[in-house]
Amino acid sequence: MALSISTRQLDGVTILDLSGRITLGEGSVQLRDAIRDLISKGEKHILLSLGDVNYIDSSGLGELVSAFTTAKNQNADVKLLNLTKKVKDVLQVTKLYTVFDIYDDEAHAISSFK
Amino acid sequence: MTGPQTGRLSFKLASTMDSVAEVEAAAEKLTHSAGMDEDEGFRVVMAVREAAVNAVLHGNGYDPNKQITVSLENNGKSLVITVADEGEGLDPEKIPDPLAPENLLRGTGRGIFLIRSFLDEVHFRQLHPGTELTLVKHLTPAGSNDASQDLDTK
């Protein structure tokens with residue numbers, strides 16, 4: 001299943017609800033384009049909701065890191081919400097769990113941007 | 001199938017992302033037939049997929065004149081998967097550590113690390129041309145109940 005992305009705004013935060021796979025040839029490019037589009041529009045607070053992402057590969061991890069660094073370079077923040085067990089597993093093994101701000105609760109995640 | 005080939009499947013595929021998906025599906029079937037739980041199966045399948053991506057993308061560079069060769073085996077004690085490309089070769093000693101602070105925020109370079117993290121043994125063999133990765137996952141006693149059952153051939 002390819003990646004689908006829907007976007008919503010809540011209290012000044014842009015939330016991307018991702019569903020599917022973030023992998024080479026499937027979701028990586030979509031995610032990159034979505035993040036770049038938001039950054040170019042001046043969005044500073046971006047929350048990636050990953051509760052329906054059932055698979056991520058090394059390319060997808062690379063896109064998450066690129067999103068993080070691209071945002072930082074523009075004084076914006078990308079944070080993660082609702083990791084599935086599989087995604088959490090991969091982030092922990094690669095130590096990226098220590099890089100991102102990660103939340104289990106949407107309201108808490110949104111308030112963290114203030 | 002009977003005899004020494006029991007539980008072993010091998011095939012050659014084009015250097016495309018469709019082939020990666022095919023290898024991934026075969027790995028899912030292998031882990032499922034071995035009775036692995038979902039988490040362990042996910043790790044093995046992910047490692048196999050990373051190896052296939054490496055072969056297709058970094059090894060063969062999507063070259064339509066080059067193929068990848070894949071074998072998957074359940075020998076009753078372990079799952080043994082080989083993935084070979086026809087590229088210029090890969091020196092595993094030269095792969096940067098993705099956990100090093102200077103590499104942690106790099107966008108690439110985690111594939112081989114994930115393979116090594118998720119499997120019990122990883123072996124590299126230079127083929128001249130090409131590289132063959134052998135991935136081994138030892139089966140736990142609970143997971144070996146269905147060991148050595150035949151894999152569906154394509």
# chains A, B, ... in the order shown; residues from 1 in each chain; ligands from 1
$ closest_atom_pairs --of "chain B" --to "chain A" --cutoff "12 Å" --atoms "only C-alpha atoms" --output "tab-separated table"
residue	atom	partner	partner_atom	distance
B:Thr16	CA	A:Gly25	CA	10.3
B:Met17	CA	A:Gly25	CA	7.2
B:Asp18	CA	A:Gly25	CA	9.8
B:Val20	CA	A:Leu24	CA	10.1
B:Ala21	CA	A:Gly25	CA	10.4
B:Glu24	CA	A:Asp57	CA	12.0
B:Glu38	CA	A:Lys86	CA	9.8
B:Asp39	CA	A:Lys86	CA	7.5
B:Glu40	CA	A:Lys86	CA	10.3
B:Gly41	CA	A:Lys86	CA	11.0
B:Phe42	CA	A:Lys86	CA	7.8
B:Arg43	CA	A:Lys86	CA	8.7
B:Val45	CA	A:Asp57	CA	10.6
B:Met46	CA	A:Asp57	CA	7.1
B:Ala47	CA	A:Asp57	CA	9.1
B:Val48	CA	A:Asp57	CA	11.0
B:Arg49	CA	A:Asp57	CA	8.4
B:Glu50	CA	A:Asp57	CA	7.4
B:Ala51	CA	A:Ser58	CA	10.9
B:Ala52	CA	A:Leu24	CA	11.6
B:Val53	CA	A:Leu24	CA	8.4
B:Asn54	CA	A:Ser58	CA	10.6
B:Val56	CA	A:Leu24	CA	11.7
B:Leu57	CA	A:Leu24	CA	10.2
B:Asp97	CA	A:Thr94	CA	10.3
B:Pro98	CA	A:Thr94	CA	7.4
B:Leu99	CA	A:Thr94	CA	6.5
B:Ala100	CA	A:Lys95	CA	9.7
B:Pro101	CA	A:Lys95	CA	10.0
B:Asn103	CA	A:Thr94	CA	10.8
B:Leu104	CA	A:Leu96	CA	7.4
B:Leu105	CA	A:Val65	CA	6.0
B:Arg106	CA	A:Gly62	CA	7.1
B:Gly107	CA	A:Gly62	CA	4.0
B:Thr108	CA	A:Gly62	CA	5.5
B:Gly109	CA	A:Ser58	CA	7.8
B:Arg110	CA	A:Ser58	CA	5.6
B:Gly111	CA	A:Ser58	CA	5.5
B:Ile112	CA	A:Ser58	CA	9.2
B:Phe113	CA	A:Thr94	CA	8.2
B:Leu114	CA	A:Thr94	CA	7.7
B:Ile115	CA	A:Ser58	CA	10.1
B:Arg116	CA	A:Val93	CA	10.7
B:Ser117	CA	A:Val93	CA	7.4
B:Phe118	CA	A:Val93	CA	9.1
$ select_by_dssp --residues "range 38-104 of chain B" --states "helix (DSSP H, G or I)" --output "ChimeraX atom specification"
/B:38-59,92-94
$ residues_around --residues "Lys79 in chain A" --least-positions-apart "2" --cutoff "10 Å" --atoms "only C-alpha atoms" --output "number ranges by chain"
A: 15, 45-49, 64, 67-68, 77, 81, 99-103, 109-110, 112-113
$ select_by_dssp --residues "chain A" --states "strand (DSSP E or B)" --output "JSON, numbers by chain"
{"A": [4, 5, 6, 7, 8, 9, 10, 13, 14, 15, 16, 17, 18, 19, 20, 21, 22, 45, 46, 47, 48, 49, 50, 51, 52, 53, 54, 55, 56, 77, 78, 79, 80, 81, 102, 103]}
$ write_last_selection --atoms "C-alpha atoms" --output "PDB file, in the first residue's frame"
ATOM      1  CA  SER A   4      -1.401   8.615   1.511  1.00  0.00           C
ATOM      2  CA  ILE A   5      -1.081  11.999   3.161  1.00  0.00           C
ATOM      3  CA  SER A   6      -3.848  14.257   4.389  1.00  0.00           C
ATOM      4  CA  THR A   7      -3.220  17.658   5.903  1.00  0.00           C
ATOM      5  CA  ARG A   8      -5.077  19.562   8.603  1.00  0.00           C
ATOM      6  CA  GLN A   9      -4.476  22.617  10.760  1.00  0.00           C
ATOM      7  CA  LEU A  10      -4.967  22.773  14.492  1.00  0.00           C
ATOM      8  CA  VAL A  13       0.187  23.361  13.854  1.00  0.00           C
ATOM      9  CA  THR A  14       0.096  21.630  10.470  1.00  0.00           C
ATOM     10  CA  ILE A  15      -0.663  17.967  11.005  1.00  0.00           C
ATOM     11  CA  LEU A  16       0.123  15.469   8.277  1.00  0.00           C
ATOM     12  CA  ASP A  17      -1.800  12.244   8.759  1.00  0.00           C
ATOM     13  CA  LEU A  18       0.249   9.589   7.006  1.00  0.00           C
ATOM     14  CA  SER A  19      -1.087   6.177   6.092  1.00  0.00           C
ATOM     15  CA  GLY A  20       0.675   3.285   4.381  1.00  0.00           C
ATOM     16  CA  ARG A  21       4.362   2.697   3.714  1.00  0.00           C
ATOM     17  CA  ILE A  22       7.264   5.151   3.700  1.00  0.00           C
ATOM     18  CA  HIS A  45       5.120  23.793  13.229  1.00  0.00           C
ATOM     19  CA  ILE A  46       4.745  20.437  11.502  1.00  0.00           C
ATOM     20  CA  LEU A  47       3.493  17.278  13.160  1.00  0.00           C
ATOM     21  CA  LEU A  48       3.760  13.955  11.348  1.00  0.00           C
ATOM     22  CA  SER A  49       1.084  11.583  12.573  1.00  0.00           C
ATOM     23  CA  LEU A  50       2.380   8.067  11.896  1.00  0.00           C
ATOM     24  CA  GLY A  51      -0.274   5.947  13.560  1.00  0.00           C
ATOM     25  CA  ASP A  52      -1.263   4.343  10.273  1.00  0.00           C
ATOM     26  CA  VAL A  53       2.248   3.902   8.906  1.00  0.00           C
ATOM     27  CA  ASN A  54       2.798   0.168   8.989  1.00  0.00           C
ATOM     28  CA  TYR A  55       6.209   0.028   7.335  1.00  0.00           C
ATOM     29  CA  ILE A  56       9.261   2.221   6.934  1.00  0.00           C
ATOM     30  CA  ASP A  77      10.102  22.043  13.733  1.00  0.00           C
ATOM     31  CA  VAL A  78       9.034  18.591  12.595  1.00  0.00           C
ATOM     32  CA  LYS A  79       7.769  16.334  15.368  1.00  0.00           C
ATOM     33  CA  LEU A  80       6.358  12.814  15.344  1.00  0.00           C
ATOM     34  CA  LEU A  81       3.087  11.485  16.735  1.00  0.00           C
ATOM     35  CA  ILE A 102       7.966  12.015  19.733  1.00  0.00           C
ATOM     36  CA  TYR A 103       4.500  12.062  21.278  1.00  0.00           C
TER      37      TYR A 103
END
$ residues_around --residues "range 60-72 of chain B" --least-positions-apart "5" --cutoff "7 Å" --atoms "only C-alpha atoms" --output "JSON, numbers by chain"
{"B": [8, 9, 10, 11, 12, 13, 14, 15, 16, 55, 80, 81, 82, 83, 84, 85, 86, 87]}
$ decode --residues "range 49-91 of chain B" --atoms "N, CA and C atoms" --output "CSV table (one decimal), in the first residue's frame"
chain,number,residue,atom,x,y,z
B,49,ARG,N,14.4,-7.1,2.3
B,49,ARG,CA,14.1,-6.0,1.4
B,49,ARG,C,15.2,-5.0,1.3
B,50,GLU,N,15.9,-4.7,2.4
B,50,GLU,CA,17.0,-3.7,2.3
B,50,GLU,C,18.1,-4.3,1.4
B,51,ALA,N,18.4,-5.6,1.5
B,51,ALA,CA,19.4,-6.3,0.7
B,51,ALA,C,19.0,-6.3,-0.7
B,52,ALA,N,17.7,-6.5,-1.0
B,52,ALA,CA,17.3,-6.4,-2.4
B,52,ALA,C,17.4,-5.0,-3.0
B,53,VAL,N,17.0,-4.0,-2.2
B,53,VAL,CA,17.2,-2.6,-2.6
B,53,VAL,C,18.6,-2.3,-2.9
B,54,ASN,N,19.5,-2.7,-2.0
B,54,ASN,CA,21.0,-2.5,-2.3
B,54,ASN,C,21.4,-3.1,-3.6
B,55,ALA,N,20.9,-4.4,-3.8
B,55,ALA,CA,21.4,-5.1,-5.0
B,55,ALA,C,20.9,-4.4,-6.3
B,56,VAL,N,19.6,-4.0,-6.3
B,56,VAL,CA,19.0,-3.4,-7.5
B,56,VAL,C,19.5,-2.0,-7.7
B,57,LEU,N,19.6,-1.2,-6.6
B,57,LEU,CA,19.9,0.2,-6.7
B,57,LEU,C,21.4,0.5,-6.7
B,58,HIS,N,22.0,0.1,-5.6
B,58,HIS,CA,23.5,0.4,-5.5
B,58,HIS,C,24.4,-0.6,-6.2
B,59,GLY,N,24.0,-1.9,-6.3
B,59,GLY,CA,24.8,-2.9,-7.0
B,59,GLY,C,24.6,-2.7,-8.5
B,60,ASN,N,23.4,-2.9,-9.0
B,60,ASN,CA,23.2,-3.0,-10.4
B,60,ASN,C,22.7,-1.6,-11.0
B,61,GLY,N,22.4,-0.7,-10.1
B,61,GLY,CA,22.1,0.7,-10.6
B,61,GLY,C,20.9,0.7,-11.6
B,62,TYR,N,19.9,-0.2,-11.4
B,62,TYR,CA,18.8,-0.3,-12.2
B,62,TYR,C,19.1,-0.7,-13.6
B,63,ASP,N,20.3,-1.3,-13.9
B,63,ASP,CA,20.7,-1.6,-15.2
B,63,ASP,C,19.9,-2.8,-15.7
B,64,PRO,N,19.2,-2.6,-16.9
B,64,PRO,CA,18.3,-3.7,-17.4
B,64,PRO,C,19.1,-4.9,-17.9
B,65,ASN,N,20.4,-4.7,-18.1
B,65,ASN,CA,21.2,-5.8,-18.5
B,65,ASN,C,21.8,-6.7,-17.3
B,66,LYS,N,21.5,-6.2,-16.1
B,66,LYS,CA,22.0,-6.9,-14.9
B,66,LYS,C,20.8,-7.5,-14.1
B,67,GLN,N,21.0,-8.6,-13.5
B,67,GLN,CA,20.0,-9.2,-12.7
B,67,GLN,C,20.4,-9.4,-11.3
B,68,ILE,N,19.5,-9.6,-10.4
B,68,ILE,CA,19.8,-10.0,-9.0
B,68,ILE,C,19.4,-11.5,-8.9
B,69,THR,N,20.2,-12.2,-8.1
B,69,THR,CA,20.0,-13.6,-7.9
B,69,THR,C,19.6,-13.8,-6.4
B,70,VAL,N,18.5,-14.4,-6.1
B,70,VAL,CA,18.0,-14.5,-4.8
B,70,VAL,C,17.7,-16.0,-4.4
B,71,SER,N,18.1,-16.4,-3.2
B,71,SER,CA,17.6,-17.7,-2.7
B,71,SER,C,17.1,-17.5,-1.3
B,72,LEU,N,16.1,-18.3,-1.0
B,72,LEU,CA,15.6,-18.3,0.4
B,72,LEU,C,15.4,-19.8,0.8
B,73,GLU,N,15.9,-20.0,2.0
B,73,GLU,CA,15.9,-21.4,2.5
B,73,GLU,C,15.5,-21.5,3.9
B,74,ASN,N,14.7,-22.5,4.3
B,74,ASN,CA,14.5,-22.9,5.6
B,74,ASN,C,15.1,-24.2,5.8
B,75,ASN,N,16.3,-24.3,6.5
B,75,ASN,CA,16.9,-25.6,6.6
B,75,ASN,C,16.6,-26.3,8.0
B,76,GLY,N,15.6,-25.8,8.6
B,76,GLY,CA,15.1,-26.4,9.9
B,76,GLY,C,15.7,-25.8,11.1
B,77,LYS,N,16.9,-25.2,11.0
B,77,LYS,CA,17.5,-24.5,12.1
B,77,LYS,C,17.6,-23.0,11.9
B,78,SER,N,17.7,-22.7,10.6
B,78,SER,CA,17.8,-21.2,10.3
B,78,SER,C,17.1,-20.9,9.0
B,79,LEU,N,16.8,-19.6,8.9
B,79,LEU,CA,16.4,-19.1,7.6
B,79,LEU,C,17.7,-18.5,7.0
B,80,VAL,N,18.0,-18.9,5.7
B,80,VAL,CA,19.2,-18.5,5.1
B,80,VAL,C,18.8,-17.8,3.7
B,81,ILE,N,19.1,-16.6,3.6
B,81,ILE,CA,18.7,-15.8,2.4
B,81,ILE,C,19.9,-15.3,1.7
B,82,THR,N,20.1,-15.5,0.4
B,82,THR,CA,21.2,-14.8,-0.3
B,82,THR,C,20.6,-13.9,-1.3
B,83,VAL,N,21.3,-12.8,-1.5
B,83,VAL,CA,20.9,-11.8,-2.5
B,83,VAL,C,22.2,-11.4,-3.2
B,84,ALA,N,22.3,-11.6,-4.5
B,84,ALA,CA,23.5,-11.2,-5.2
B,84,ALA,C,23.2,-10.3,-6.3
B,85,ASP,N,24.1,-9.3,-6.5
B,85,ASP,CA,24.0,-8.4,-7.7
B,85,ASP,C,25.2,-8.6,-8.6
B,86,GLU,N,25.2,-7.9,-9.7
B,86,GLU,CA,26.3,-8.0,-10.7
B,86,GLU,C,27.0,-6.6,-10.8
B,87,GLY,N,27.0,-5.9,-9.7
B,87,GLY,CA,27.7,-4.6,-9.7
B,87,GLY,C,29.2,-4.6,-9.5
B,88,GLU,N,29.7,-3.5,-9.1
B,88,GLU,CA,31.1,-3.3,-9.0
B,88,GLU,C,31.7,-3.8,-7.7
B,89,GLY,N,30.8,-4.2,-6.8
B,89,GLY,CA,31.3,-4.8,-5.5
B,89,GLY,C,31.2,-3.8,-4.4
B,90,LEU,N,31.0,-4.3,-3.2
B,90,LEU,CA,30.8,-3.5,-2.0
B,90,LEU,C,31.8,-4.0,-0.9
B,91,ASP,N,32.5,-3.0,-0.4
B,91,ASP,CA,33.4,-3.3,0.7
B,91,ASP,C,32.7,-2.9,2.0
